[in-house]
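Participant: Attaching a single structure in structure tokens format; questions to follow.
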Amino acid sequence: MSIRDGHSFSEPDKVRVTHCSLTLSANFDARILDGRVHLSFERIDPQAPLVLDTRDLQIRRVECGEGEVEFQLGPRDPILGSALTIPLPPGCDQAIVHYTTQPQASGLQWLTPGQTAGERHPFLFSQNESIQARSWIPLQDSPGVRITYDARIQAVDGLRVLMSAQHRSEENGAHVFRMDLPIPPYLIALAIGDLDFAALGPRTGIYAEPPVLAAAALEFEDTERLVKTVERLYG
């Protein structure tokens, strides 16, 4: 018997997303992310649709198989958002959702230059816990669903782009990332801003705005020692 997540519309016991590929552009003036997500999934029930969690997303179109499919965006719940239901043609195991976020997206914080420590550049950071990922990515927003992901993020020149993933490359303002370990959606993270790096050890470090970098590094100076302690205890 499957146990349903009461805070998700998704039905991973019928269709389960396994990989998420993001292509997004950050617009600081409009305070939106615009682009698409390419989802790969396993179909446990061949007759079931793909049901995703969303909150206040503008869904432009959905592609599956050879072309566009008619999707249904359910009524808005003030906490859960809206279910996005996508019918799946036979043999289809991938879907592309084209969408735009809203300025009030609960999982995105857009700071003006005056709200930052340096007061020179805008700053964006995400906070997906606990069910805020659905406000900027249409996905199965439940910790019971573990996915790998990759991303291509277009941002303003001169700003550093970070994600909870390996940074693979940068070209013409587009930053490419990849996470090969399956993680719950709430651990997908994005930050764009005037950020510098300070090493805390041979494999640990911290990113922060230049005016607060030294203080941040001091605050987290025990990170490398903590990692070594965990390894000694658990391997």
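For the structure tokens, the naming scheme is as follows: chains receive sequential letters (A, B, ...) according to their order of presentation, residues are indexed from 1 within each chain, and ligands are indexed from 1 in presentation order.
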Using DSSP on the backbone, list every residue of range 156-223 of chain A that comes out as strand (DSSP E or B), and give them as JSON, numbers by chain.
Facilitator: {"A": [160, 161, 162, 163, 166, 167, 168, 169, 170, 171, 174, 175, 176, 177, 178, 179, 180, 181, 182, 183, 190, 191, 192, 193, 196, 197, 198, 199, 205, 206, 207, 208]}
Participant: Could you write those residues out with N, CA, C and O atoms, as a CSV table (one decimal), in the first residue's frame?
Facilitator:
chain,number,residue,atom,x,y,z
A,160,ARG,N,27.7,36.1,-10.1
A,160,ARG,CA,28.1,34.7,-9.9
A,160,ARG,C,26.8,33.9,-9.7
A,160,ARG,O,25.9,34.3,-9.0
A,161,VAL,N,26.7,32.7,-10.4
A,161,VAL,CA,25.5,31.8,-10.3
A,161,VAL,C,26.0,30.6,-9.6
A,161,VAL,O,27.0,29.9,-10.0
A,162,LEU,N,25.2,30.2,-8.6
A,162,LEU,CA,25.5,29.0,-7.8
A,162,LEU,C,24.3,28.1,-7.7
A,162,LEU,O,23.1,28.6,-7.7
A,163,MET,N,24.5,26.8,-7.7
A,163,MET,CA,23.4,25.8,-7.4
A,163,MET,C,23.9,24.7,-6.5
A,163,MET,O,25.1,24.6,-6.3
A,166,GLN,N,27.2,20.5,-9.2
A,166,GLN,CA,28.5,20.8,-9.7
A,166,GLN,C,28.4,21.8,-10.9
A,166,GLN,O,27.6,21.6,-11.8
A,167,HIS,N,29.2,22.8,-10.8
A,167,HIS,CA,29.3,23.8,-11.9
A,167,HIS,C,30.2,23.3,-13.0
A,167,HIS,O,31.4,23.1,-12.8
A,168,ARG,N,29.6,23.0,-14.1
A,168,ARG,CA,30.3,22.3,-15.2
A,168,ARG,C,31.0,23.3,-16.2
A,168,ARG,O,32.1,23.1,-16.6
A,169,SER,N,30.3,24.4,-16.5
A,169,SER,CA,30.8,25.3,-17.5
A,169,SER,C,30.1,26.7,-17.5
A,169,SER,O,29.0,26.8,-16.8
A,170,GLU,N,30.7,27.6,-18.1
A,170,GLU,CA,30.1,29.0,-18.3
A,170,GLU,C,30.4,29.5,-19.7
A,170,GLU,O,31.6,29.5,-20.1
A,171,GLU,N,29.4,29.9,-20.4
A,171,GLU,CA,29.6,30.4,-21.7
A,171,GLU,C,28.5,31.4,-22.1
A,171,GLU,O,27.3,31.1,-22.0
A,174,ALA,N,25.7,32.0,-19.7
A,174,ALA,CA,24.9,30.8,-19.3
A,174,ALA,C,25.8,29.8,-18.4
A,174,ALA,O,26.9,29.5,-18.8
A,175,HIS,N,25.3,29.5,-17.3
A,175,HIS,CA,26.0,28.6,-16.4
A,175,HIS,C,25.3,27.2,-16.3
A,175,HIS,O,24.1,27.1,-16.2
A,176,VAL,N,26.2,26.2,-16.5
A,176,VAL,CA,25.7,24.8,-16.6
A,176,VAL,C,26.1,24.0,-15.3
A,176,VAL,O,27.2,24.1,-14.9
A,177,PHE,N,25.1,23.4,-14.8
A,177,PHE,CA,25.3,22.6,-13.5
A,177,PHE,C,24.7,21.2,-13.7
A,177,PHE,O,23.9,20.9,-14.5
A,178,ARG,N,25.2,20.3,-12.8
A,178,ARG,CA,24.7,18.9,-12.8
A,178,ARG,C,24.8,18.3,-11.4
A,178,ARG,O,25.9,18.4,-10.8
A,179,MET,N,23.7,17.7,-11.0
A,179,MET,CA,23.7,16.9,-9.8
A,179,MET,C,23.4,15.4,-10.1
A,179,MET,O,22.3,15.2,-10.6
A,180,ASP,N,24.3,14.5,-9.9
A,180,ASP,CA,24.1,13.1,-10.3
A,180,ASP,C,23.6,12.3,-9.2
A,180,ASP,O,23.3,11.1,-9.4
A,181,LEU,N,23.5,12.8,-7.9
A,181,LEU,CA,23.0,12.1,-6.8
A,181,LEU,C,21.5,12.4,-6.7
A,181,LEU,O,21.1,13.5,-6.7
A,182,PRO,N,20.7,11.4,-6.5
A,182,PRO,CA,19.2,11.6,-6.4
A,182,PRO,C,19.0,12.4,-5.0
A,182,PRO,O,19.4,11.9,-4.0
A,183,ILE,N,18.3,13.5,-5.1
A,183,ILE,CA,18.0,14.3,-3.9
A,183,ILE,C,16.5,14.7,-3.9
A,183,ILE,O,15.9,14.7,-5.0
A,190,LEU,N,19.3,27.7,-5.8
A,190,LEU,CA,19.9,28.6,-6.8
A,190,LEU,C,20.2,29.9,-6.1
A,190,LEU,O,19.4,30.4,-5.2
A,191,ALA,N,21.3,30.5,-6.4
A,191,ALA,CA,21.7,31.8,-5.9
A,191,ALA,C,22.4,32.6,-7.1
A,191,ALA,O,23.2,32.0,-7.8
A,192,ILE,N,22.1,33.9,-7.2
A,192,ILE,CA,22.7,34.7,-8.2
A,192,ILE,C,23.0,36.0,-7.6
A,192,ILE,O,22.1,36.7,-7.1
A,193,GLY,N,24.3,36.5,-7.6
A,193,GLY,CA,24.6,37.7,-7.0
A,193,GLY,C,26.1,38.0,-7.0
A,193,GLY,O,26.9,37.3,-7.7
A,196,ASP,N,31.7,36.1,-3.5
A,196,ASP,CA,33.1,35.6,-3.6
A,196,ASP,C,33.2,34.3,-2.8
A,196,ASP,O,32.2,33.9,-2.0
A,197,PHE,N,34.3,33.6,-2.9
A,197,PHE,CA,34.5,32.3,-2.2
A,197,PHE,C,35.7,32.4,-1.3
A,197,PHE,O,36.7,33.0,-1.5
A,198,ALA,N,35.5,31.7,-0.1
A,198,ALA,CA,36.6,31.6,0.8
A,198,ALA,C,36.7,30.1,1.2
A,198,ALA,O,35.7,29.5,1.6
A,199,ALA,N,37.9,29.5,1.1
A,199,ALA,CA,38.1,28.1,1.4
A,199,ALA,C,38.1,27.9,2.9
A,199,ALA,O,38.7,28.8,3.6
A,205,GLY,N,34.2,25.1,1.7
A,205,GLY,CA,34.3,26.6,1.6
A,205,GLY,C,33.0,27.2,1.7
A,205,GLY,O,31.9,26.6,1.8
A,206,ILE,N,33.0,28.6,1.5
A,206,ILE,CA,31.7,29.3,1.7
A,206,ILE,C,31.7,30.4,0.7
A,206,ILE,O,32.7,31.0,0.3
A,207,TYR,N,30.5,30.7,0.2
A,207,TYR,CA,30.3,31.8,-0.7
A,207,TYR,C,29.5,32.9,0.0
A,207,TYR,O,28.6,32.6,0.8
A,208,ALA,N,29.8,34.2,-0.2
A,208,ALA,CA,29.1,35.3,0.5
A,208,ALA,C,29.5,36.6,-0.3
A,208,ALA,O,30.4,36.6,-1.1
Participant: Using only C-alpha atoms, determine which residues lie at most 7 Å from Ala26 in chain A, disregarding the query and same-chain residues fewer than 4 positions distant; provide the list as number ranges by chain.
Facilitator: A: 32-34, 154-155
Participant: Using N, CA, C and O atoms, can you write the selected residues to a file as a tab-separated table (two decimals), in the first residue's frame?
Facilitator:
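again16.tsv, freshly written:
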chain	number	residue	atom	x	y	z
A	32	ILE	N	11.43	37.58	-12.24
A	32	ILE	CA	10.88	36.30	-12.70
A	32	ILE	C	12.01	35.43	-13.24
A	32	ILE	O	13.07	35.91	-13.65
A	33	LEU	N	11.76	34.12	-13.23
A	33	LEU	CA	12.54	33.15	-13.97
A	33	LEU	C	11.69	32.68	-15.13
A	33	LEU	O	10.50	32.36	-14.95
A	34	ASP	N	12.27	32.61	-16.31
A	34	ASP	CA	11.51	32.22	-17.49
A	34	ASP	C	12.27	31.14	-18.23
A	34	ASP	O	13.49	31.21	-18.39
A	154	GLN	N	20.74	31.34	-17.28
A	154	GLN	CA	21.20	32.57	-17.92
A	154	GLN	C	21.04	33.72	-16.94
A	154	GLN	O	19.96	33.92	-16.37
A	155	ALA	N	22.12	34.47	-16.71
A	155	ALA	CA	22.08	35.55	-15.73
A	155	ALA	C	22.83	36.76	-16.24
A	155	ALA	O	23.50	36.72	-17.26
Participant: At a cut-off of 10 Å, can you tabulate as a Markdown table every residue of range 123-180 of chain A near range 43-67 of chain A together with its closest atom pair and the distance in Å to one decimal, using only C-alpha atoms and ordering rows by chain then number?
Facilitator:
| residue | atom | partner | partner_atom | distance |
| --- | --- | --- | --- | --- |
| A:Ile131 | CA | A:Asp53 | CA | 9.3 |
| A:Gln132 | CA | A:Arg55 | CA | 8.2 |
| A:Ala133 | CA | A:Thr54 | CA | 8.4 |
| A:Arg134 | CA | A:Thr54 | CA | 4.5 |
| A:Ser135 | CA | A:Arg55 | CA | 4.6 |
| A:Trp136 | CA | A:Leu57 | CA | 7.1 |
| A:Ile137 | CA | A:Thr54 | CA | 7.1 |
| A:Pro138 | CA | A:Thr54 | CA | 5.1 |
| A:Leu139 | CA | A:Leu52 | CA | 4.9 |
| A:Gln140 | CA | A:Leu52 | CA | 5.0 |
| A:Asp141 | CA | A:Asp53 | CA | 5.9 |
| A:Ser142 | CA | A:Asp53 | CA | 8.9 |
